[in-house]
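Inspection log for the structure reproduced underneath, given as structure tokens.
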Amino acid sequence: MPKSAREKDLDPDTFIGIGLPLGYSSKGFFKQTKTSLEQAGHNIRNLLLTIPGERVNQPEFGSRLHHLLFEQVDDDFIDEVEMAIRDAIEQWLPYITLQNIEIQEPDVYDAQTKNEAHIKLRFGLAFEPERLEELTFILPVGF
């Protein structure tokens with residue numbers, strides 16, 4: 001009988017997937033993930049940073065975040081970023097439940113971060129909503 005996702009997560013000898021970015025590991029050629037939730041974080045990052053049309057044989061895979069890079073940061077910017085994230089995850093990763101999305105709008109008066117939108121996602125797995133993970137990344141933006 002196949003193991004459930006929770007049983008695999010608890011088994012120290014089972015790996016779920018490959019961690020991104022690709023790199024060497026002490027236990028093999030690629031870094032590997034140990035839990036379904038950890039792998040989901042890598043899957044989200046991969047999805048959101050992929051431009052539609054970039055992936056061979058799946059030209060619609062990806063998110064619209066790249067298209068927002070050089071858009072004006074206006075009153076609708078935060079909503080557009082959030083919608084791009086929600087749409088992509090809903091379409092390509094339906095097993096992930098987004099608990100919260102925090103987007104820190106770029107501060108045009110701060111020379112260090114004026115071209116960056118900081119994004120924090122809090123998510124869980126649809127079949128285990130009580131376990132949550134956070135993923136943060138920076139979206140470079142233009143003015």
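As shown in the structure tokens, the chain order sets the letters A, B, ...; within each chain, residues go from 1, and ligands are also counted from 1 in the order they appear.
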
### Query
Per DSSP on the backbone, what are the strand (DSSP E or B) residues of segment 10-135 of chain A, as number ranges by chain?
A: 17-18, 25, 28, 32-33, 96-104, 116-125, 128-135

### Task
For segment 123-133 of chain A, please output as a list in words all residues within 10 Å (counting only C-alpha atoms; exclusion window: fewer than 6 positions along the same chain).
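Here the answer would be Ala5, Arg6, Ser36, Leu37, Glu38, Ala40, Gly41, Ile44, Leu93, Pro94, Tyr95, Ile96, Thr97, Leu98, Gln99, Asn100 and Ile101 of chain A.
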
### Message
I'd like the interatomic distance between atom CA of Asp87 of chain A and atom CA of Gln58 of chain A, to a tenth of an Å.
### Response
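Result for atom CA of Asp87 of chain A versus atom CA of Gln58 of chain A: 16.5 Å, one decimal.
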
### Task
Please provide as a list in words all residues within 12 Å of Phe29 of chain A, with the sequence filter that same-chain residues fewer than 4 positions apart are discarded (counting only C-alpha atoms).
Ile18, Gly19, Leu22, Gly23, Tyr24 and Ser25 of chain A

Deliver the residues from the most recent selection as a file, using N, CA and C atoms, as a PDB file, in the first residue's frame.
```pdb
ATOM      1  N   ILE A  18      13.293  17.623  -5.474  1.00  0.00           N
ATOM      2  CA  ILE A  18      14.577  18.311  -5.642  1.00  0.00           C
ATOM      3  C   ILE A  18      14.424  19.767  -5.236  1.00  0.00           C
ATOM      4  N   GLY A  19      15.367  20.255  -4.427  1.00  0.00           N
ATOM      5  CA  GLY A  19      15.364  21.646  -4.012  1.00  0.00           C
ATOM      6  C   GLY A  19      15.926  22.552  -5.092  1.00  0.00           C
ATOM      7  N   LEU A  22      19.225  24.341  -8.149  1.00  0.00           N
ATOM      8  CA  LEU A  22      19.945  23.077  -8.181  1.00  0.00           C
ATOM      9  C   LEU A  22      21.347  23.267  -7.618  1.00  0.00           C
ATOM     10  N   GLY A  23      21.804  22.288  -6.882  1.00  0.00           N
ATOM     11  CA  GLY A  23      23.141  22.366  -6.309  1.00  0.00           C
ATOM     12  C   GLY A  23      23.529  21.044  -5.695  1.00  0.00           C
ATOM     13  N   TYR A  24      24.766  20.946  -5.313  1.00  0.00           N
ATOM     14  CA  TYR A  24      25.283  19.720  -4.724  1.00  0.00           C
ATOM     15  C   TYR A  24      24.791  19.551  -3.293  1.00  0.00           C
ATOM     16  N   SER A  25      24.744  18.308  -2.858  1.00  0.00           N
ATOM     17  CA  SER A  25      24.336  17.976  -1.504  1.00  0.00           C
ATOM     18  C   SER A  25      25.287  16.930  -0.963  1.00  0.00           C
TER      19      SER A  25
END
```

### Query
So, counting only C-alpha atoms, which residue among A:Leu65, A:Ile119, A:Leu48, A:Leu139 is closest to Glu102 of chain A?
A:Ile119

### Task
May I have the residues within 10 Å of Val141 of chain A as a PyMOL selection string, using only C-alpha atoms and disregarding those fewer than 3 positions away in the same chain?
chain A and resi 65-73+105-106+114-117+138

Deliver the residues from the most recent selection as a file, using N, CA and C atoms, as a PDB file, in the first residue's frame.
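Writing the result to selection-v1.pdb gives the following:
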```
ATOM      1  N   LEU A  65       4.075  37.707 -13.078  1.00  0.00           N
ATOM      2  CA  LEU A  65       4.921  38.601 -12.287  1.00  0.00           C
ATOM      3  C   LEU A  65       5.995  39.279 -13.126  1.00  0.00           C
ATOM      4  N   HIS A  66       6.582  38.550 -14.050  1.00  0.00           N
ATOM      5  CA  HIS A  66       7.635  39.125 -14.883  1.00  0.00           C
ATOM      6  C   HIS A  66       7.100  40.315 -15.686  1.00  0.00           C
ATOM      7  N   HIS A  67       5.851  40.237 -16.120  1.00  0.00           N
ATOM      8  CA  HIS A  67       5.254  41.311 -16.908  1.00  0.00           C
ATOM      9  C   HIS A  67       5.028  42.568 -16.072  1.00  0.00           C
ATOM     10  N   LEU A  68       5.028  42.424 -14.755  1.00  0.00           N
ATOM     11  CA  LEU A  68       4.812  43.572 -13.872  1.00  0.00           C
ATOM     12  C   LEU A  68       6.118  44.280 -13.503  1.00  0.00           C
ATOM     13  N   LEU A  69       7.245  43.709 -13.916  1.00  0.00           N
ATOM     14  CA  LEU A  69       8.540  44.271 -13.525  1.00  0.00           C
ATOM     15  C   LEU A  69       8.714  45.727 -13.916  1.00  0.00           C
ATOM     16  N   PHE A  70       8.282  46.098 -15.099  1.00  0.00           N
ATOM     17  CA  PHE A  70       8.527  47.447 -15.591  1.00  0.00           C
ATOM     18  C   PHE A  70       7.261  48.296 -15.650  1.00  0.00           C
ATOM     19  N   GLU A  71       6.228  47.829 -14.957  1.00  0.00           N
ATOM     20  CA  GLU A  71       5.009  48.627 -14.856  1.00  0.00           C
ATOM     21  C   GLU A  71       5.203  49.734 -13.826  1.00  0.00           C
ATOM     22  N   GLN A  72       4.454  50.806 -13.995  1.00  0.00           N
ATOM     23  CA  GLN A  72       4.471  51.879 -13.004  1.00  0.00           C
ATOM     24  C   GLN A  72       3.947  51.343 -11.677  1.00  0.00           C
ATOM     25  N   VAL A  73       4.575  51.740 -10.604  1.00  0.00           N
ATOM     26  CA  VAL A  73       4.087  51.376  -9.273  1.00  0.00           C
ATOM     27  C   VAL A  73       3.041  52.418  -8.911  1.00  0.00           C
ATOM     28  N   GLU A 105       5.172  47.505  -0.663  1.00  0.00           N
ATOM     29  CA  GLU A 105       5.364  48.367  -1.829  1.00  0.00           C
ATOM     30  C   GLU A 105       6.735  49.020  -1.790  1.00  0.00           C
ATOM     31  N   PRO A 106       7.359  49.167  -2.936  1.00  0.00           N
ATOM     32  CA  PRO A 106       8.670  49.814  -2.973  1.00  0.00           C
ATOM     33  C   PRO A 106       8.617  51.220  -2.389  1.00  0.00           C
ATOM     34  N   LYS A 114      14.282  50.948  -3.327  1.00  0.00           N
ATOM     35  CA  LYS A 114      13.280  51.640  -4.135  1.00  0.00           C
ATOM     36  C   LYS A 114      12.853  50.861  -5.372  1.00  0.00           C
ATOM     37  N   ASN A 115      13.626  49.921  -5.825  1.00  0.00           N
ATOM     38  CA  ASN A 115      13.261  49.136  -7.002  1.00  0.00           C
ATOM     39  C   ASN A 115      12.909  47.702  -6.642  1.00  0.00           C
ATOM     40  N   GLU A 116      12.386  47.502  -5.447  1.00  0.00           N
ATOM     41  CA  GLU A 116      12.064  46.149  -4.993  1.00  0.00           C
ATOM     42  C   GLU A 116      10.710  46.116  -4.299  1.00  0.00           C
ATOM     43  N   ALA A 117       9.945  45.086  -4.594  1.00  0.00           N
ATOM     44  CA  ALA A 117       8.729  44.790  -3.850  1.00  0.00           C
ATOM     45  C   ALA A 117       9.017  43.505  -3.068  1.00  0.00           C
ATOM     46  N   ILE A 138      12.017  38.667  -3.345  1.00  0.00           N
ATOM     47  CA  ILE A 138      12.029  40.061  -3.763  1.00  0.00           C
ATOM     48  C   ILE A 138      11.725  40.132  -5.241  1.00  0.00           C
TER      49      ILE A 138
END
```
